[in-house]
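Undergrad: Just my_file.cif, nothing more (mmCIF, C-alpha atoms and all ligand atoms):
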data_structure
loop_
_atom_site.label_atom_id
_atom_site.label_comp_id
_atom_site.auth_asym_id
_atom_site.auth_seq_id
_atom_site.Cartn_x
_atom_site.Cartn_y
_atom_site.Cartn_z
CA MET A 1 90.03 83.36 99.58
CA SER A 2 93.50 83.37 100.96
CA ARG A 3 96.77 82.64 99.33
CA LEU A 4 100.32 82.70 100.49
CA MET A 5 102.47 84.15 97.75
CA THR A 6 105.76 83.06 99.34
CA PRO A 7 106.51 81.26 102.57
CA PHE A 8 107.72 83.20 105.57
CA ALA A 9 111.08 81.54 105.38
CA ILE A 10 113.65 84.12 104.48
CA ILE A 11 116.49 84.27 106.94
CA ALA A 12 118.68 87.34 107.01
CA LEU A 13 122.32 86.43 107.39
CA SER A 14 124.83 88.74 108.92
CA GLY A 15 127.97 89.53 106.97
CA ALA A 16 131.62 88.49 107.34
CA GLY A 17 130.99 84.76 107.27
CA CYS A 18 128.98 84.70 110.47
CA ALA A 19 125.81 82.62 110.07
CA ALA A 20 123.90 83.92 113.09
CA PRO A 21 120.62 85.65 112.10
CA GLN A 22 120.76 89.41 112.45
CA ARG A 23 117.66 91.14 113.70
CA ASP A 24 116.33 94.00 111.56
CA ALA A 25 115.12 96.53 114.13
CA ARG A 26 113.19 98.90 111.84
CA PRO A 27 109.57 99.68 112.77
CA ASP A 28 106.52 97.86 111.47
CA VAL A 29 104.16 99.85 109.29
CA VAL A 30 100.43 99.38 109.86
CA LEU A 31 98.43 101.09 107.11
CA VAL A 32 94.65 101.01 107.40
CA ILE A 33 92.56 102.31 104.51
CA GLY A 34 88.93 103.03 105.33
CA CYS A 35 86.73 102.82 102.25
CA THR A 36 84.09 105.57 102.09
CA VAL A 37 85.09 107.79 105.04
CA ARG A 38 83.82 111.34 104.77
CA TRP A 39 85.85 113.86 106.77
CA ASP A 40 83.03 116.07 108.04
CA GLN A 41 81.19 113.05 109.48
CA THR A 42 84.13 112.14 111.71
CA SER A 43 84.46 113.61 115.17
CA LEU A 44 87.92 114.86 114.13
CA ALA A 45 86.20 117.61 112.15
CA GLU A 46 85.46 120.89 113.86
CA GLY A 47 81.69 120.93 114.24
CA GLY A 48 81.51 117.27 113.21
CA PRO A 49 79.14 114.84 114.94
CA ALA A 50 80.41 113.96 118.43
CA GLY A 51 81.50 110.44 119.16
CA THR A 52 81.55 108.95 115.65
CA THR A 53 85.31 108.32 115.59
CA PRO A 54 86.91 108.21 119.06
CA GLY A 55 89.53 105.78 117.72
CA LEU A 56 90.71 108.28 115.10
CA GLU A 57 90.67 111.00 117.77
CA GLN A 58 92.99 108.88 119.91
CA ILE A 59 95.44 108.34 117.05
CA ALA A 60 95.36 112.07 116.25
CA ALA A 61 96.06 112.92 119.89
CA ASP A 62 99.02 110.54 119.92
CA GLY A 63 100.29 111.83 116.57
CA VAL A 64 99.09 113.92 113.67
CA SER A 65 95.84 114.76 111.89
CA PHE A 66 95.68 116.22 108.37
CA ASP A 67 92.59 118.37 108.42
CA GLN A 68 92.29 119.14 104.70
CA LEU A 69 93.42 115.99 102.95
CA ILE A 70 92.20 115.65 99.36
CA VAL A 71 92.39 112.28 97.61
CA GLN A 72 92.98 112.03 93.86
CA ALA A 73 89.77 110.23 92.90
CA PRO A 74 86.32 109.79 94.49
CA TRP A 75 86.10 106.01 94.26
CA THR A 76 88.09 103.06 95.49
CA ARG A 77 90.26 101.70 92.72
CA PRO A 78 91.90 104.84 91.31
CA SER A 79 92.09 106.47 94.74
CA ILE A 80 93.78 103.52 96.44
CA ALA A 81 96.08 103.11 93.43
CA SER A 82 97.13 106.69 93.94
CA LEU A 83 97.44 106.37 97.73
CA LEU A 84 99.69 103.31 97.38
CA THR A 85 101.88 104.55 94.51
CA GLY A 86 102.20 108.26 95.29
CA ALA A 87 101.24 108.94 91.66
CA SER A 88 98.01 110.25 90.17
CA PRO A 89 95.52 107.69 88.79
CA GLU A 90 96.06 109.14 85.30
CA ALA A 91 99.82 108.61 85.54
CA VAL A 92 99.40 105.11 86.99
CA GLY A 93 97.05 104.15 84.14
CA ILE A 94 94.06 103.14 86.21
CA ALA A 95 91.75 106.13 85.65
CA ASP A 96 88.92 104.76 83.57
CA PRO A 97 86.43 106.31 81.15
CA GLY A 98 84.57 102.99 80.81
CA GLU A 99 81.16 102.77 79.19
CA GLY A 100 78.99 102.40 82.26
CA ARG A 101 81.48 100.18 84.05
CA SER A 102 85.10 100.24 85.07
CA ASP A 103 87.19 97.09 84.77
CA ARG A 104 90.72 98.43 84.45
CA SER A 105 93.32 96.87 86.70
CA LEU A 106 96.55 98.20 88.12
CA PRO A 107 99.31 97.78 85.50
CA ALA A 108 102.38 95.75 86.48
CA SER A 109 104.42 98.93 85.91
CA ALA A 110 102.80 100.56 88.95
CA LEU A 111 105.17 100.62 91.93
CA LEU A 112 103.25 100.05 95.16
CA LEU A 113 104.34 100.83 98.71
CA SER A 114 104.37 97.05 99.28
CA GLU A 115 106.91 96.58 96.48
CA ARG A 116 109.13 99.34 97.85
CA LEU A 117 109.02 97.94 101.39
CA ARG A 118 109.52 94.32 100.36
CA GLU A 119 112.56 95.42 98.38
CA ALA A 120 113.78 97.09 101.58
CA GLY A 121 113.44 93.84 103.55
CA TYR A 122 109.92 94.06 104.94
CA THR A 123 107.47 91.17 105.17
CA THR A 124 104.35 92.43 103.40
CA LEU A 125 100.80 91.47 104.38
CA SER A 126 97.60 92.58 102.62
CA LEU A 127 94.05 92.04 103.85
CA SER A 128 91.25 93.67 101.90
CA ALA A 129 87.49 93.64 102.37
CA ASN A 130 87.06 95.48 99.07
CA PRO A 131 87.60 93.45 95.86
CA ASN A 132 88.61 96.71 94.17
CA ALA A 133 91.80 96.67 96.23
CA GLY A 134 92.56 92.96 95.85
CA PRO A 135 94.39 90.62 93.43
CA LEU A 136 91.54 90.72 90.90
CA PHE A 137 92.63 94.25 90.02
CA GLY A 138 96.38 93.82 90.50
CA PHE A 139 96.68 95.09 94.07
CA ASP A 140 98.55 91.99 95.27
CA GLN A 141 101.80 93.29 93.73
CA GLY A 142 104.62 93.18 96.26
CA PHE A 143 102.81 91.20 98.93
CA ASP A 144 104.08 88.03 100.62
CA HIS A 145 100.59 87.33 101.91
CA THR A 146 97.32 88.43 100.30
CA GLN A 147 93.91 87.77 101.77
CA VAL A 148 90.66 88.99 100.26
CA PHE A 149 87.37 88.85 102.06
CA ALA A 150 84.63 88.25 99.55
CA PRO A 151 81.63 86.82 101.35
CA PRO A 152 79.82 83.96 99.69
CA TRP A 153 77.48 85.61 97.21
CA ARG A 154 74.02 85.53 98.66
CA GLU A 155 71.22 88.02 98.86
CA GLY A 156 71.99 90.93 101.16
CA VAL A 157 75.53 89.86 102.06
CA VAL A 158 78.01 91.95 100.15
CA LYS A 159 80.59 93.12 102.61
CA THR A 160 82.70 91.56 105.29
CA ALA A 161 82.55 93.11 108.76
CA GLY A 162 85.75 94.80 109.82
CA GLU A 163 85.82 92.65 112.94
CA GLU A 164 86.56 89.54 110.86
CA VAL A 165 89.21 91.32 108.78
CA VAL A 166 90.91 92.76 111.85
CA ARG A 167 91.01 89.37 113.58
CA ALA A 168 92.73 87.88 110.51
CA ALA A 169 95.08 90.88 110.24
CA LEU A 170 96.23 90.49 113.84
CA SER A 171 96.88 86.77 113.24
CA ALA A 172 98.83 87.49 110.06
CA LEU A 173 101.05 90.00 111.85
CA GLU A 174 101.55 87.57 114.72
CA ALA A 175 102.66 84.88 112.24
CA ALA A 176 105.13 87.15 110.43
CA PRO A 177 108.85 86.53 111.07
CA ALA A 178 109.92 88.25 114.28
CA ASP A 179 113.39 89.15 113.03
CA ARG A 180 112.15 91.42 110.25
CA PRO A 181 109.83 94.43 110.12
CA ALA A 182 106.42 94.03 108.52
CA LEU A 183 103.98 96.07 106.46
CA LEU A 184 100.42 95.25 107.46
CA GLN A 185 97.96 96.82 105.01
CA VAL A 186 94.26 96.52 105.75
CA VAL A 187 91.26 97.78 103.74
CA LEU A 188 87.94 98.01 105.61
CA VAL A 189 84.50 98.63 104.05
CA ASP A 190 82.17 98.95 107.04
CA THR A 191 80.96 102.41 105.95
CA HIS A 192 80.26 101.42 102.34
CA LEU A 193 76.68 100.84 101.19
CA PRO A 194 74.58 98.81 101.79
CA ASP A 195 73.59 100.23 105.17
CA THR A 196 74.16 97.40 107.65
CA SER A 197 73.52 99.47 110.78
CA SER A 198 70.83 98.44 113.27
CA ALA A 199 68.03 100.70 114.46
CA ALA A 200 69.65 100.78 117.91
CA GLU A 201 72.97 101.90 116.43
CA ARG A 202 71.29 104.59 114.31
CA ALA A 203 69.49 105.90 117.38
CA LEU A 204 72.88 106.79 118.88
CA PHE A 205 73.62 109.10 115.94
CA PRO A 206 70.61 111.26 115.18
CA ALA A 207 70.93 113.29 111.97
CA GLU A 208 68.95 115.09 109.28
CA SER A 209 68.11 111.81 107.54
CA GLU A 210 68.07 108.05 108.14
CA ARG A 211 70.82 107.76 105.54
CA VAL A 212 73.14 110.07 107.48
CA SER A 213 72.27 108.39 110.80
CA GLY A 214 73.03 105.00 109.30
CA TYR A 215 76.28 106.27 107.85
CA ARG A 216 77.41 107.67 111.20
CA ALA A 217 76.53 104.38 112.91
CA MET A 218 78.59 102.44 110.35
CA LEU A 219 81.42 104.95 110.71
CA HIS A 220 81.42 104.28 114.44
CA THR A 221 81.60 100.53 113.75
CA LEU A 222 84.55 101.07 111.41
CA ASP A 223 86.24 103.29 113.96
CA GLN A 224 85.98 100.58 116.61
CA GLN A 225 87.86 98.22 114.29
CA VAL A 226 90.52 100.83 113.55
CA GLY A 227 90.87 101.25 117.31
CA ALA A 228 91.24 97.49 117.74
CA LEU A 229 94.07 97.48 115.18
CA TYR A 230 95.68 100.51 116.77
CA ARG A 231 95.74 98.77 120.15
CA GLY A 232 96.49 95.28 118.90
CA ALA A 233 98.71 95.51 115.82
CA SER A 234 102.06 95.98 117.46
CA ARG A 235 104.81 93.53 118.26
CA GLU A 236 106.85 93.35 121.40
CA GLY A 237 110.25 94.95 121.10
CA ARG A 238 109.53 96.56 117.75
CA GLY A 239 108.56 100.15 116.96
CA ARG A 240 105.64 100.98 114.74
CA VAL A 241 104.25 103.60 112.40
CA PHE A 242 100.44 103.47 112.32
CA ALA A 243 98.48 105.30 109.63
CA PHE A 244 94.78 105.49 108.89
CA ILE A 245 93.54 107.16 105.72
CA GLY A 246 90.23 107.25 103.84
CA ASP A 247 90.04 106.48 100.12
CA HIS A 248 87.09 108.80 99.35
CA GLY A 249 83.94 110.18 100.94
CA GLU A 250 80.21 109.73 100.35
CA GLY A 251 77.48 112.09 99.11
CA LEU A 252 74.75 110.95 101.54
CA ARG A 253 72.34 113.34 99.75
CA SER A 254 73.65 115.81 102.31
CA PRO A 255 73.20 118.19 100.65
CA GLU A 256 71.00 116.74 97.90
CA HIS A 257 73.15 117.78 94.91
CA HIS A 258 76.12 115.74 96.20
CA GLY A 259 74.25 112.53 95.35
CA ASN A 260 73.93 109.45 97.52
CA GLY A 261 77.08 107.40 96.86
CA HIS A 262 80.45 108.32 95.36
CA GLY A 263 82.31 108.31 92.05
CA ARG A 264 80.79 111.19 90.10
CA HIS A 265 81.32 114.29 92.24
CA LEU A 266 84.37 116.08 93.62
CA TYR A 267 82.90 118.18 96.43
CA PRO A 268 84.65 117.95 99.81
CA SER A 269 82.01 115.34 100.77
CA ALA A 270 83.54 113.09 98.07
CA VAL A 271 87.28 113.79 98.26
CA GLN A 272 88.14 115.13 101.71
CA VAL A 273 88.99 112.26 104.05
CA PRO A 274 90.76 111.77 107.37
CA TRP A 275 94.46 110.96 107.53
CA VAL A 276 95.85 110.34 111.01
CA MET A 277 99.20 108.84 111.95
CA ALA A 278 101.06 108.02 115.14
CA GLY A 279 104.18 106.17 116.13
CA GLU A 280 107.93 106.17 115.62
CA GLY A 281 109.27 109.53 114.50
CA ILE A 282 105.88 111.26 114.64
CA PRO A 283 105.43 113.99 117.28
CA ALA A 284 102.18 113.97 119.30
CA GLY A 285 99.25 116.33 118.95
CA VAL A 286 100.14 117.93 115.59
CA LYS A 287 97.43 119.34 113.35
CA VAL A 288 98.09 120.13 109.71
CA PRO A 289 95.26 122.46 108.67
CA GLU A 290 96.38 123.33 105.12
CA VAL A 291 95.50 121.39 102.00
CA ALA A 292 97.44 118.14 101.50
CA ALA A 293 97.11 115.28 99.00
CA GLY A 294 96.55 111.53 99.18
CA LEU A 295 99.67 111.48 97.00
CA ASP A 296 101.66 112.50 100.08
CA LEU A 297 101.07 109.23 101.95
CA VAL A 298 103.83 107.15 100.34
CA PRO A 299 106.53 109.87 100.36
CA THR A 300 105.71 110.58 104.01
CA LEU A 301 105.92 106.92 105.06
CA LEU A 302 109.16 106.37 103.11
CA SER A 303 110.66 109.46 104.64
CA LEU A 304 109.71 108.29 108.16
CA LEU A 305 111.52 105.02 107.38
CA ASP A 306 114.55 106.77 105.84
CA LEU A 307 113.91 105.04 102.52
CA PRO A 308 114.43 106.66 99.12
CA GLY A 309 111.39 107.58 97.04
CA GLN A 310 111.73 108.03 93.30
CA GLY A 311 108.89 108.62 90.86
CA LEU A 312 106.56 110.18 93.38
CA GLU A 313 104.21 113.09 92.66
CA GLY A 314 103.35 113.77 96.29
CA VAL A 315 105.50 115.43 98.92
CA SER A 316 106.75 114.11 102.26
CA GLN A 317 104.98 115.81 105.16
CA VAL A 318 107.62 114.78 107.69
CA ALA A 319 109.40 118.17 107.89
CA ARG A 320 106.00 119.83 108.33
CA LEU A 321 105.15 117.44 111.20
CA ARG A 322 108.40 118.39 112.86
CA GLY A 323 107.69 122.10 112.77
CA ALA A 324 108.45 123.38 109.25
CA PRO A 325 106.09 126.18 108.13
CA PRO A 326 103.18 125.26 105.85
CA ALA A 327 103.45 125.59 102.08
CA THR A 328 101.14 128.48 101.19
CA ASP A 329 100.79 127.87 97.45
CA ARG A 330 99.79 124.20 97.35
CA GLU A 331 97.12 123.27 94.82
CA VAL A 332 95.79 119.73 94.82
CA TYR A 333 94.18 118.21 91.75
CA THR A 334 91.55 115.47 91.80
CA ALA A 335 89.50 113.96 89.00
CA THR A 336 87.03 111.24 88.10
CA TRP A 337 86.34 109.21 84.99
CA PHE A 338 83.81 107.01 86.77
CA GLN A 339 81.14 105.54 84.50
CA ASP A 340 81.20 108.08 81.68
CA THR A 341 82.01 111.14 83.76
CA GLU A 342 84.98 113.42 83.16
CA ARG A 343 85.11 115.79 86.08
CA ALA A 344 88.07 117.50 87.71
CA ALA A 345 88.60 119.78 90.69
CA LEU A 346 91.36 121.89 92.15
CA TYR A 347 91.71 122.54 95.90
CA ALA A 348 93.84 125.36 97.24
CA GLY A 349 94.09 127.47 100.37
CA GLY A 350 90.67 129.06 100.82
CA TRP A 351 88.88 127.81 97.69
CA TYR A 352 88.06 124.96 95.35
CA CYS A 353 86.75 124.75 91.79
CA THR A 354 85.07 121.77 90.18
CA ARG A 355 84.04 121.27 86.55
CA ASP A 356 82.27 118.72 84.39
CA PHE A 357 84.47 118.63 81.28
CA ARG A 358 81.74 116.93 79.26
CA ALA A 359 79.36 119.86 79.78
CA ALA A 360 79.47 123.33 78.28
CA THR A 361 79.23 125.02 81.68
CA PRO A 362 82.34 126.64 83.20
CA ALA A 363 83.89 125.50 86.46
CA GLY A 364 82.06 126.30 89.67
CA CYS A 365 84.34 127.89 92.26
CA PHE A 366 83.57 128.06 95.98
CA ASP A 367 85.15 129.53 99.08
CA LEU A 368 86.60 127.37 101.86
CA PRO A 369 85.97 126.64 104.63
CA GLY A 370 82.64 128.48 104.52
CA ASP A 371 81.12 126.92 101.41
CA ARG A 372 82.16 123.27 101.57
CA ASP A 373 78.74 122.28 100.22
CA GLY A 374 79.26 124.30 97.05
CA VAL A 375 76.10 126.40 96.99
CA ASN A 376 77.34 129.98 96.47
CA MET A 377 79.28 129.97 93.22
CA VAL A 378 82.05 132.56 92.98
CA GLN A 379 82.87 133.87 89.50
CA ASP A 380 86.63 133.76 89.35
CA LEU A 381 88.18 133.42 85.92
CA ALA A 382 91.74 133.04 87.21
CA ARG A 383 90.77 130.05 89.36
CA GLN A 384 88.73 128.51 86.56
CA GLU A 385 91.75 128.80 84.27
CA ARG A 386 94.02 127.18 86.85
CA LEU A 387 91.70 124.19 86.99
CA GLY A 388 91.68 124.05 83.16
CA ARG A 389 95.47 124.05 83.09
CA ALA A 390 95.67 121.35 85.78
CA HIS A 391 93.24 119.20 83.81
CA ALA A 392 95.34 119.63 80.66
CA ALA A 393 98.42 118.63 82.66
CA HIS A 394 96.76 115.29 83.55
CA PRO A 395 96.17 114.06 80.01
CA ALA A 396 93.94 111.29 78.75
CA PRO A 397 94.57 108.25 80.91
CA LEU A 398 97.08 105.62 79.87
CA TRP A 399 94.64 102.78 80.11
CA GLY A 400 95.44 99.86 82.34
CA GLU A 401 94.49 96.35 81.38
CA GLU A 402 90.87 95.36 81.31
CA VAL A 403 90.19 92.25 83.37
CA GLU A 404 87.54 89.56 83.32
CA VAL A 405 85.86 89.95 86.68
CA GLY A 406 83.79 86.76 86.64
CA GLU A 407 80.23 86.26 87.83
CA ALA A 408 80.70 86.14 91.60
CA ALA A 409 82.91 89.23 91.75
CA GLU A 410 80.62 91.09 89.37
CA GLY A 411 77.69 90.34 91.66
CA GLN A 412 79.61 91.77 94.58
CA LEU A 413 80.78 94.82 92.67
CA ARG A 414 77.23 95.43 91.46
CA ALA A 415 75.91 95.25 95.00
CA LEU A 416 78.56 97.73 96.13
CA GLY A 417 77.41 100.08 93.35
CA TYR A 418 80.40 99.80 91.00
CA VAL A 419 78.52 98.25 88.10
CA GLU A 420 75.37 99.75 86.64
ZN ZN B 1 86.43 103.00 98.60
#
For the file at hand, write its structure as structure tokens.
TA:
Amino acid sequence: MSRLMTPFAIIALSGAGCAAPQRDARPDVVLVIGCTVRWDQTSLAEGGPAGTTPGLEQIAADGVSFDQLIVQAPWTRPSIASLLTGASPEAVGIADPGEGRSDRSLPASALLLSERLREAGYTTLSLSANPNAGPLFGFDQGFDHTQVFAPPWREGVVKTAGEEVVRAALSALEAAPADRPALLQVVLVDTHLPDTSSAAERALFPAESERVSGYRAMLHTLDQQVGALYRGASREGRGRVFAFIGDHGEGLRSPEHHGNGHGRHLYPSAVQVPWVMAGEGIPAGVKVPEVAAGLDLVPTLLSLLDLPGQGLEGVSQVARLRGAPPATDREVYTATWFQDTERAALYAGGWYCTRDFRAATPAGCFDLPGDRDGVNMVQDLARQERLGRAHAAHPAPLWGEEVEVGEAAEGQLRALGYVE
């Protein structure tokens, strides 16, 4: 499905009665969101599997890598809502305590990066291989061009290969007006279940289980497409800011108690994802090791573009990239209301705590970086209380609108594991 929201026919006129078009020289923004990208399975991670993500390594070498980035929800819709608004899913109104399913859509009141950039004169292009980040759930707000890749519903075909999405994305950017900057936003799902890797691909990434091997093979496929965008999505004579970020991780039963998919847990396997950026205004070879939030994406991009950012919960990382010292007291909150869960976690320098608020058990706290898996619980009342206070500060969600998803989309969502 593809629809053009408005024609590419807006001509900027210069002032003082002169009718000659004036070229807007600001950089393009290419934002790639990888669905289901677990940090410690990338080759960016210290001790991570070699060779899974050479494309991300290249971007990090040319720019910056955030090595402890925590997203605000462990599944697509609330996490991407938060990434694109700079506000928590609870504040946006998309966090969902649904009975076994989650059909809330992004409210019209949400202010997306696309809306901010279109207001600032950008042409805005959206291509998504995940229906959770498409028009069905309100994610077309602020886009001139929206394209969703939902493969014809047939047995075993539930996701579109990144190669097809990237080809369309490069064409869309090519077709955008040359006299104005563009936002190209692409969502890829190559690493999402079902496992579409071949035996030959899995053999390149041996691991403790077939599931992990398959995941690494799919991650490598995704990375190749990110690399293709990184090399291809730039226009002659125009600068560019390129960003890749994950929306959440994956349990992979590695270890077993993290589960197989995503949505219910808040261990690092579920909420720590890569964020790499390179391009105009971004120095090369910077590593940010301290905890940062998915909420920081929008303020950082706006700050790189010298655009104002009101109503944002995150912080711009631009000063940090340019040499400012790290904040030492940052605490990052994340939560999930996925299919009857109510779980929250707090990440800080050197530790994290996670708690099931529907169970009588207290929060489990663990040391970082040593106990990412969460096996040696540390009794720390002060940390448990900080998580309790953070949870109270993110009150019961302001529910977004429930949408009718329709049979075809429901089949796809079910196959992706979003409907029980
Ligand atoms: Zn996702």
Undergrad: List as a list in words the protein and nucleic acid residues near Ala390 in chain A, meaning an atom at most 12 Å away when all atoms listed in the file are counted, but skip any in the same chain fewer than 5 places from it.
TA: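 My reading of the contact set: Glu331, Val332, Tyr333, Thr334, Ala335, Arg343, Ala344, Ala345, Leu346, Tyr347, Cys353, Thr354, Arg355, Arg383, Gln384, Glu385 and Pro395 of chain A.
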Undergrad: For Val37 in chain A, please output as a PDB file with C-alpha atoms, keeping the file's coordinate frame all residues within 8 Å (counting all atoms listed in the file; exclusion window: fewer than 6 positions along the same chain).
TA:
ATOM      1  CA  THR A 191      80.960 102.410 105.950  1.00  0.00           C
ATOM      2  CA  LEU A 219      81.420 104.950 110.710  1.00  0.00           C
ATOM      3  CA  GLY A 246      90.230 107.250 103.840  1.00  0.00           C
ATOM      4  CA  ASP A 247      90.040 106.480 100.120  1.00  0.00           C
ATOM      5  CA  HIS A 248      87.090 108.800  99.350  1.00  0.00           C
ATOM      6  CA  GLY A 249      83.940 110.180 100.940  1.00  0.00           C
ATOM      7  CA  GLU A 250      80.210 109.730 100.350  1.00  0.00           C
ATOM      8  CA  VAL A 273      88.990 112.260 104.050  1.00  0.00           C
ATOM      9  CA  PRO A 274      90.760 111.770 107.370  1.00  0.00           C
TER      10      PRO A 274
END
Undergrad: To one decimal place in Å, what is the distance between CA of Gly294 in chain A and CA of Val30 in chain A?
TA: 16.6 Å
Undergrad: Show me which residues sit within 12 Å of ligand ZN 1 (chain B) when counting only C-alpha atoms and all ligand atoms, and put them as an MDAnalysis selection string.
TA: chainID A and resid 33:38 71 73:81 83 128:133 187:193 245:250 261:263 270:271 273 413 416:418
Undergrad: Just the residues within 6 Å of Cys365 in chain A, please, counting all atoms listed in the file, with nothing from its chain fewer than 6 positions along; format it as a list in words.
TA: Tyr352, Cys353, Met377 and Val378 of chain A
Undergrad: Sorted by chain and rising residue number, list the residues of range 282-353 of chain A at most 12 Å from range 110-123 of chain A (counting all atoms listed in the file), each with its closest atom pair and distance in Å to one decimal, as a Markdown table.
TA:
| residue | atom | partner | partner_atom | distance |
| --- | --- | --- | --- | --- |
| A:Leu295 | CA | A:Leu113 | CA | 11.8 |
| A:Leu297 | CA | A:Leu113 | CA | 9.6 |
| A:Val298 | CA | A:Leu113 | CA | 6.5 |
| A:Pro299 | CA | A:Leu113 | CA | 9.4 |
| A:Thr300 | CA | A:Leu113 | CA | 11.2 |
| A:Leu301 | CA | A:Leu113 | CA | 8.9 |
| A:Leu302 | CA | A:Leu113 | CA | 8.6 |
| A:Leu305 | CA | A:Leu117 | CA | 9.6 |
| A:Asp306 | CA | A:Ala120 | CA | 10.6 |
| A:Leu307 | CA | A:Ala120 | CA | 8.0 |
| A:Pro308 | CA | A:Arg116 | CA | 9.1 |
| A:Gly309 | CA | A:Arg116 | CA | 8.6 |
| A:Gln310 | CA | A:Leu111 | CA | 10.0 |
| A:Gly311 | CA | A:Leu111 | CA | 8.9 |
| A:Leu312 | CA | A:Leu111 | CA | 9.8 |
Undergrad: Assuming the input is short of atoms at range 116-132 of chain A, produce N, CA and C atoms for that part as a CSV table (one decimal), keeping the file's coordinate frame.
TA:
chain,number,residue,atom,x,y,z
A,116,ARG,N,108.0,98.6,97.3
A,116,ARG,CA,109.1,99.3,97.8
A,116,ARG,C,109.6,98.8,99.2
A,117,LEU,N,108.6,98.4,100.1
A,117,LEU,CA,109.0,97.9,101.4
A,117,LEU,C,109.5,96.5,101.3
A,118,ARG,N,109.0,95.7,100.5
A,118,ARG,CA,109.5,94.3,100.4
A,118,ARG,C,111.0,94.4,99.9
A,119,GLU,N,111.2,95.2,98.9
A,119,GLU,CA,112.6,95.4,98.4
A,119,GLU,C,113.5,95.8,99.5
A,120,ALA,N,113.0,96.6,100.5
A,120,ALA,CA,113.8,97.1,101.6
A,120,ALA,C,113.9,96.1,102.7
A,121,GLY,N,113.3,94.9,102.6
A,121,GLY,CA,113.4,93.8,103.6
A,121,GLY,C,112.2,93.6,104.4
A,122,TYR,N,111.1,94.3,104.1
A,122,TYR,CA,109.9,94.1,104.9
A,122,TYR,C,109.2,92.8,104.5
A,123,THR,N,108.5,92.2,105.5
A,123,THR,CA,107.5,91.2,105.2
A,123,THR,C,106.2,92.0,104.9
A,124,THR,N,105.5,91.6,103.8
A,124,THR,CA,104.4,92.4,103.4
A,124,THR,C,103.0,91.6,103.4
A,125,LEU,N,102.1,92.2,104.1
A,125,LEU,CA,100.8,91.5,104.4
A,125,LEU,C,99.6,92.4,103.9
A,126,SER,N,98.8,91.8,103.1
A,126,SER,CA,97.6,92.6,102.6
A,126,SER,C,96.3,91.9,103.0
A,127,LEU,N,95.4,92.6,103.6
A,127,LEU,CA,94.0,92.0,103.8
A,127,LEU,C,93.0,93.1,103.4
A,128,SER,N,92.2,92.7,102.5
A,128,SER,CA,91.2,93.7,101.9
A,128,SER,C,89.8,93.1,101.9
A,129,ALA,N,88.9,94.0,102.4
A,129,ALA,CA,87.5,93.6,102.4
A,129,ALA,C,86.8,94.2,101.1
A,130,ASN,N,87.6,94.9,100.3
A,130,ASN,CA,87.1,95.5,99.1
A,130,ASN,C,87.8,94.8,97.9
A,131,PRO,N,87.0,94.1,97.0
A,131,PRO,CA,87.6,93.4,95.9
A,131,PRO,C,88.3,94.4,94.9
A,132,ASN,N,87.9,95.7,95.0
A,132,ASN,CA,88.6,96.7,94.2
A,132,ASN,C,90.1,96.9,94.6
